[in-house]
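Single-structure report; data block below.
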Amino acid sequence: RIIPHREKKRKMLFQDIPRKENHPMKDFTYSYPTHVYFGKGVLANALKAELPVEAKKVLLAYGGGSIKKNGVYEELLEILKAAGKKVTEFAGIMSNPTYAKVQEGAKLAKEEGIDFILAVGGGSVIDCCKIVCAQAVTGEDLWELEMVRHKAPSKAPIPLGAVVTASGTGAEMNGGAVITNEDAKIKGGMFAAAPRFAVLDPDYTMSLPRMQVLSGAFDTLSHAMETYFGRSDRDNVSDEVALAVMHSTVVNMRTLLKDINDYTARSNLMWTSAMAENGILKVGRVTDFECHQMEHQLGAYTDCNHGQGLAVLHPAYYRHIVKDAPEKFARLGRVVFEVEGAEAAVDALAAFIRECGLPTRLGQLKSKVEITPELLRQVADSVNLLPNGPR
């Protein structure tokens, strides 16, 4: 939910929250909402198994058109038309999907009587389509409903499937979506439709630019770190899994630094991306995700790349909180970076970011506006504060 942005109100909201070191594992109910088809050439079998026979009109959604260069577009059209589907295209979904783009897609889905949406791309395309699925079946404004009135949509969304061509966000295995409301200058999380199925073929990622691959992989690392540093407990099995996901992500990113087209590394990163956001790391946990809240607002004002914004912010944020969770930082350092000590872990993370060639300063981010102290004050004042981190 959106927290009031005034400093006094923020202090009043959080000043009495206890900061206990150890909490019991929280109760949870868990199930996979998504069927996953992983590996080379799985698309045809996945669509044959998952596309409902009764779904006659499919909205094919994608971004800037890269799927027309790598052959995925032609493969999809051939399969859909052979299945007797009428295809309507929804193209041009941007890297930070806007609420205006959601409304465009919802309008198109209504006009065409769409009964299934197939999102083809990375997290931005999938996120946009999740909200399109819900907005297309309701007369209410979803931003007003969710972000202002804090209510969930009442009608069942249009069914959604995902074909992942850029990994990192893990959007293919959950119902959350990050959408930018340009008028309100808020980039925030909304919730609607989880994909019924997801196709993860590492070959589909091979045409991505080097920096996009590494930026996406850092987003995966960030998701696992944000979950791990939540204020919850000790000796939690979810922490063990999170550390394994972080270690695997770092190892495979380093493999890609030597050979960006290494298929095994691409495969591993595609699965760590899904693992970091399919809920497994979060069961029984209170998560942090404050760095994501900061990056979301930075993105709302600058339209910077999400993974690169996180790369700039994480070391600074962790230097701010490292003394509030020294044992957890030290453990991350040992397991993920093979260093000893809490502050050494933060230094190792910063060195890894430099090693990957990711930005380390705000001025290195590509921005639609000049990043000034005045702008950063607006970003900071609008950040959603979560009471879940070490501090």
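Residues are referred to by chain and number: the chain letter is A, B, ... according to the order shown in the structure tokens, the number counts from 1 in that chain, and ligands are numbered separately from 1 in the order shown.
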
| Near segment 267-270 of chain A, counting only C-alpha atoms, which residues have an atom at most 9 Å away, once you skip same-chain residues fewer than 6 positions from it, shown as an MDAnalysis selection string? | chainID A and resid 38:39 164 166:168 170 200:203 205 217 220 248:249 252:253

| request: Please give the complete set of residues from segment 48-176 of chain A that DSSP, run on the backbone, assigns to alpha helix (DSSP H), formatted as a PyMOL selection string. | output: chain A and resi 48-50+72-82+99-112+123-135+142-143

Taking C-alpha atoms for each residue, export the selection above as a JSON list (two decimals), in the first residue's frame.
[["chain", "number", "residue", "atom", "x", "y", "z"],
["A", 48, "LYS", "CA", -0.84, -27.60, -27.20],
["A", 49, "ALA", "CA", -1.29, -28.67, -23.59],
["A", 50, "GLU", "CA", -2.21, -25.33, -22.08],
["A", 72, "VAL", "CA", 9.90, -16.59, -31.79],
["A", 73, "TYR", "CA", 7.20, -14.48, -33.45],
["A", 74, "GLU", "CA", 6.90, -16.69, -36.53],
["A", 75, "GLU", "CA", 6.96, -19.85, -34.41],
["A", 76, "LEU", "CA", 4.15, -18.55, -32.22],
["A", 77, "LEU", "CA", 1.95, -17.40, -35.10],
["A", 78, "GLU", "CA", 2.32, -20.76, -36.82],
["A", 79, "ILE", "CA", 1.28, -22.65, -33.69],
["A", 80, "LEU", "CA", -1.61, -20.32, -32.86],
["A", 81, "LYS", "CA", -3.04, -20.29, -36.36],
["A", 82, "ALA", "CA", -2.71, -24.08, -36.65],
["A", 99, "TYR", "CA", -0.50, 2.48, -16.51],
["A", 100, "ALA", "CA", -1.44, 4.22, -19.76],
["A", 101, "LYS", "CA", -0.10, 1.19, -21.65],
["A", 102, "VAL", "CA", -2.18, -1.07, -19.42],
["A", 103, "GLN", "CA", -5.28, 0.91, -20.34],
["A", 104, "GLU", "CA", -4.37, 0.68, -24.03],
["A", 105, "GLY", "CA", -4.12, -3.09, -23.80],
["A", 106, "ALA", "CA", -7.33, -3.42, -21.79],
["A", 107, "LYS", "CA", -9.24, -1.33, -24.34],
["A", 108, "LEU", "CA", -7.93, -3.50, -27.17],
["A", 109, "ALA", "CA", -8.83, -6.70, -25.32],
["A", 110, "LYS", "CA", -12.38, -5.47, -24.73],
["A", 111, "GLU", "CA", -12.89, -4.33, -28.32],
["A", 112, "GLU", "CA", -11.63, -7.61, -29.76],
["A", 123, "GLY", "CA", 9.08, -9.11, -16.88],
["A", 124, "SER", "CA", 7.84, -5.80, -18.29],
["A", 125, "VAL", "CA", 5.63, -7.45, -20.89],
["A", 126, "ILE", "CA", 4.37, -10.06, -18.43],
["A", 127, "ASP", "CA", 3.67, -7.46, -15.72],
["A", 128, "CYS", "CA", 1.75, -5.23, -18.10],
["A", 129, "CYS", "CA", -0.37, -8.16, -19.29],
["A", 130, "LYS", "CA", -1.20, -9.27, -15.75],
["A", 131, "ILE", "CA", -2.98, -5.99, -15.13],
["A", 132, "VAL", "CA", -4.49, -5.87, -18.63],
["A", 133, "CYS", "CA", -6.08, -9.25, -17.84],
["A", 134, "ALA", "CA", -7.88, -7.77, -14.86],
["A", 135, "GLN", "CA", -8.60, -4.28, -16.21],
["A", 142, "LEU", "CA", -7.66, -0.69, -11.15],
["A", 143, "TRP", "CA", -5.13, 1.88, -9.92]]

| query | Do you know which residues are at most 7 Å from segment 290-307 of chain A counting only C-alpha atoms, after dropping those on the same chain fewer than 2 positions away, and could you put them as a ChimeraX atom specification? | reply | /A:96,180,185-188,215-216,218-219,288,309-311,313-314,317,365-369,379,382-386

Just write the chosen residues, N, CA, C and O atoms, as a short mmCIF file (atom, residue, chain, number, x, y, z; two decimals), in the first residue's frame.
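Ended up saving to again_23.cif:
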data_model
loop_
_atom_site.label_atom_id
_atom_site.label_comp_id
_atom_site.auth_asym_id
_atom_site.auth_seq_id
_atom_site.Cartn_x
_atom_site.Cartn_y
_atom_site.Cartn_z
N ASN A 96 9.71 -0.14 -18.61
CA ASN A 96 9.02 0.17 -17.37
C ASN A 96 7.55 0.41 -17.74
O ASN A 96 7.17 1.54 -18.06
N THR A 180 4.16 1.68 -13.68
CA THR A 180 4.46 3.09 -13.44
C THR A 180 3.27 3.96 -13.82
O THR A 180 2.81 3.93 -14.97
N LYS A 185 3.45 9.85 -10.68
CA LYS A 185 4.88 9.64 -10.43
C LYS A 185 5.09 8.57 -9.35
O LYS A 185 5.84 8.77 -8.39
N ILE A 186 4.40 7.46 -9.55
CA ILE A 186 4.55 6.32 -8.65
C ILE A 186 4.77 5.07 -9.48
O ILE A 186 4.03 4.79 -10.41
N LYS A 187 5.80 4.32 -9.13
CA LYS A 187 6.04 3.00 -9.70
C LYS A 187 5.79 2.01 -8.57
O LYS A 187 6.55 1.96 -7.60
N GLY A 188 4.70 1.27 -8.69
CA GLY A 188 4.31 0.45 -7.55
C GLY A 188 3.80 -0.92 -7.95
O GLY A 188 3.53 -1.20 -9.11
N SER A 215 21.99 -7.21 -16.33
CA SER A 215 21.08 -6.40 -15.52
C SER A 215 19.93 -7.25 -15.00
O SER A 215 19.52 -7.14 -13.83
N GLY A 216 19.39 -8.12 -15.87
CA GLY A 216 18.31 -8.99 -15.44
C GLY A 216 18.77 -9.96 -14.36
O GLY A 216 18.06 -10.21 -13.38
N PHE A 218 21.14 -9.48 -12.23
CA PHE A 218 21.32 -8.78 -10.95
C PHE A 218 19.98 -8.57 -10.26
O PHE A 218 19.90 -8.57 -9.03
N ASP A 219 18.91 -8.37 -11.03
CA ASP A 219 17.58 -8.27 -10.43
C ASP A 219 17.26 -9.56 -9.68
O ASP A 219 16.70 -9.53 -8.57
N ASP A 288 12.38 -7.94 3.20
CA ASP A 288 12.80 -6.54 3.29
C ASP A 288 12.22 -5.75 2.11
O ASP A 288 11.21 -5.07 2.23
N GLY A 309 19.49 0.20 -11.73
CA GLY A 309 19.18 1.05 -10.59
C GLY A 309 19.43 0.33 -9.27
O GLY A 309 19.97 0.90 -8.32
N LEU A 310 19.05 -0.95 -9.23
CA LEU A 310 19.30 -1.76 -8.03
C LEU A 310 20.79 -1.92 -7.77
O LEU A 310 21.24 -1.90 -6.62
N ALA A 311 21.57 -2.07 -8.83
CA ALA A 311 23.02 -2.24 -8.68
C ALA A 311 23.66 -1.01 -8.05
O ALA A 311 24.59 -1.12 -7.24
N LEU A 313 22.02 1.16 -6.03
CA LEU A 313 21.46 1.42 -4.70
C LEU A 313 21.88 0.39 -3.65
O LEU A 313 22.06 0.74 -2.48
N HIS A 314 22.01 -0.88 -4.03
CA HIS A 314 22.20 -1.92 -3.02
C HIS A 314 23.42 -1.70 -2.12
O HIS A 314 23.29 -1.77 -0.89
N TYR A 317 22.69 1.13 0.33
CA TYR A 317 21.68 0.74 1.32
C TYR A 317 22.27 -0.24 2.34
O TYR A 317 22.05 -0.12 3.55
N LEU A 365 23.53 6.02 -14.76
CA LEU A 365 22.26 5.46 -15.23
C LEU A 365 21.73 6.27 -16.40
O LEU A 365 21.82 7.49 -16.42
N LYS A 366 21.14 5.57 -17.36
CA LYS A 366 20.46 6.26 -18.44
C LYS A 366 19.13 6.79 -17.91
O LYS A 366 18.32 6.04 -17.40
N SER A 367 18.92 8.10 -18.04
CA SER A 367 17.75 8.73 -17.45
C SER A 367 17.07 9.63 -18.47
O SER A 367 17.72 10.24 -19.32
N LYS A 368 15.74 9.69 -18.39
CA LYS A 368 14.99 10.57 -19.29
C LYS A 368 15.06 12.03 -18.84
O LYS A 368 14.68 12.93 -19.59
N VAL A 369 15.56 12.25 -17.63
CA VAL A 369 15.71 13.61 -17.10
C VAL A 369 17.07 13.73 -16.43
O VAL A 369 17.74 12.73 -16.14
N VAL A 379 12.32 11.99 -5.18
CA VAL A 379 12.34 10.52 -5.17
C VAL A 379 12.29 10.01 -3.74
O VAL A 379 11.46 9.16 -3.38
N SER A 382 9.03 10.34 -1.80
CA SER A 382 7.90 9.54 -2.29
C SER A 382 8.10 8.04 -2.11
O SER A 382 7.24 7.25 -2.48
N VAL A 383 9.23 7.63 -1.52
CA VAL A 383 9.51 6.20 -1.37
C VAL A 383 8.59 5.59 -0.31
O VAL A 383 8.38 6.16 0.77
N ASN A 384 8.07 4.43 -0.64
CA ASN A 384 7.24 3.66 0.28
C ASN A 384 8.14 2.99 1.32
O ASN A 384 9.04 2.24 0.96
N LEU A 385 7.92 3.27 2.60
CA LEU A 385 8.73 2.68 3.66
C LEU A 385 8.08 1.40 4.17
O LEU A 385 6.90 1.39 4.52
N LEU A 386 8.86 0.34 4.24
CA LEU A 386 8.38 -0.94 4.75
C LEU A 386 9.03 -1.24 6.08
O LEU A 386 10.24 -1.11 6.23
#

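With distances restricted to only C-alpha atoms, A:Trp271 is the closest residue to Val245 of chain A from A:Phe229, A:Trp271, A:Phe337, A:Tyr263.
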
| message | Just want the 9 Å neighbourhood of Met225 of chain A, counted on only C-alpha atoms, with same-chain residues fewer than 2 positions away dropped. Output as number ranges by chain. | response | A: 220-223, 227-230, 242-243, 246, 288-289, 332

| message | Using DSSP secondary structure from the backbone, list all strand (DSSP E or B) positions within segment 126-313 of chain A, as a list in words. | response | Leu160, Gly161, Ala162, Val163, Val164, Gly176, Ala177, Val178, Ile179, Thr180, Asn181, Ile186, Lys187, Gly188, Gly189, Met190, Phe191, Phe197, Ala198, Val199 and Leu200 of chain A

| message | Here is a test: counting only C-alpha atoms, which residue of A:Thr138, A:Ser31, A:Thr264, A:Thr372 is nearest to Val251 of chain A? | response |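 Checking each candidate against Val251 of chain A, we get A:Thr264 as the closest.
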
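Going from atom CA of Val237 of chain A over to atom CA of Val213 of chain A, you cover 29.1 Å.
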
| Distance of atom CA of Gly64 of chain A from atom CA of Gly121 of chain A, expressed in Å to one decimal place |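 Result for atom CA of Gly121 of chain A versus atom CA of Gly64 of chain A: 9.4 Å, one decimal.
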